[in-house]
Amino acid sequence: MSPPRRALARWGFAWERAQAQLTHELLRAGPSEVVRTPPTPTLGAHWLHGLADRETPVWLPLAHTEGHILVAGTTGAGKTRLFDLLVTQAVLRGEAVVIIDPKGDQT
């Protein structure tokens, strides 16, 4: 069996004109007026996941991770979770992984 040539990054959907229009309308009305608030406080816009009929796996080609990779996002956007997913998959593929965490966020 050949090693995988891609890594699972997340679940998502193609962002198209319909999703942009729905987002505009939701933000204009106020998401809390249209979408039920989750019982426990969450970071981010949880209602984004309902903008498409269904979500599919989002794959990251391994060739895109050679050298360096930049993951940008605001607090709570899921950068650390994505990092955890990519590192776990690299270890399972038998790759060497070195993590340097100058801020000490990873415990």
# chains A, B, ... in the order shown; residues from 1 in each chain; ligands from 1

call {"tool": "closest_atom_pairs", "arguments": {"of": "stretch 37-80 of chain A", "to": "stretch 2-18 of chain A", "cutoff": "9 Å", "atoms": "only C-alpha atoms", "output": "JSON lines"}}
result
{"residue": "A:His49", "atom": "CA", "partner": "A:Gly12", "partner_atom": "CA", "distance": 7.6}
{"residue": "A:Leu51", "atom": "CA", "partner": "A:Ala18", "partner_atom": "CA", "distance": 8.5}
{"residue": "A:Ala52", "atom": "CA", "partner": "A:Phe13", "partner_atom": "CA", "distance": 6.7}
{"residue": "A:Asp53", "atom": "CA", "partner": "A:Phe13", "partner_atom": "CA", "distance": 8.7}
{"residue": "A:Arg54", "atom": "CA", "partner": "A:Phe13", "partner_atom": "CA", "distance": 7.1}
{"residue": "A:Glu55", "atom": "CA", "partner": "A:Gly12", "partner_atom": "CA", "distance": 4.7}
{"residue": "A:Thr56", "atom": "CA", "partner": "A:Trp11", "partner_atom": "CA", "distance": 5.4}
{"residue": "A:Pro57", "atom": "CA", "partner": "A:Trp11", "partner_atom": "CA", "distance": 4.5}
{"residue": "A:Val58", "atom": "CA", "partner": "A:Arg10", "partner_atom": "CA", "distance": 5.2}
{"residue": "A:Trp59", "atom": "CA", "partner": "A:Leu8", "partner_atom": "CA", "distance": 4.7}
{"residue": "A:Leu60", "atom": "CA", "partner": "A:Ala7", "partner_atom": "CA", "distance": 5.2}
{"residue": "A:Pro61", "atom": "CA", "partner": "A:Arg6", "partner_atom": "CA", "distance": 4.2}
{"residue": "A:Leu62", "atom": "CA", "partner": "A:Arg6", "partner_atom": "CA", "distance": 4.8}
{"residue": "A:Ala63", "atom": "CA", "partner": "A:Arg5", "partner_atom": "CA", "distance": 7.7}

call {"tool": "atom_distance", "arguments": {"atom1": "atom CA of A:Pro102", "atom2": "atom CA of A:Thr88"}}
result
20.0 Å

call {"tool": "closest_residue", "arguments": {"among": "A:Leu92, A:Ala45, A:Asp101, A:Pro31", "to": "A:Gly78", "atoms": "only C-alpha atoms"}}
result
A:Ala45

call {"tool": "select_by_dssp", "arguments": {"residues": "chain A", "states": "strand (DSSP E)", "output": "list in words"}}
result
Arg6, Ala7, Leu8, Ala9, Arg10, Trp11, Gly12, Thr56, Pro57, Val58, Trp59, Leu60 and Pro61 of chain A
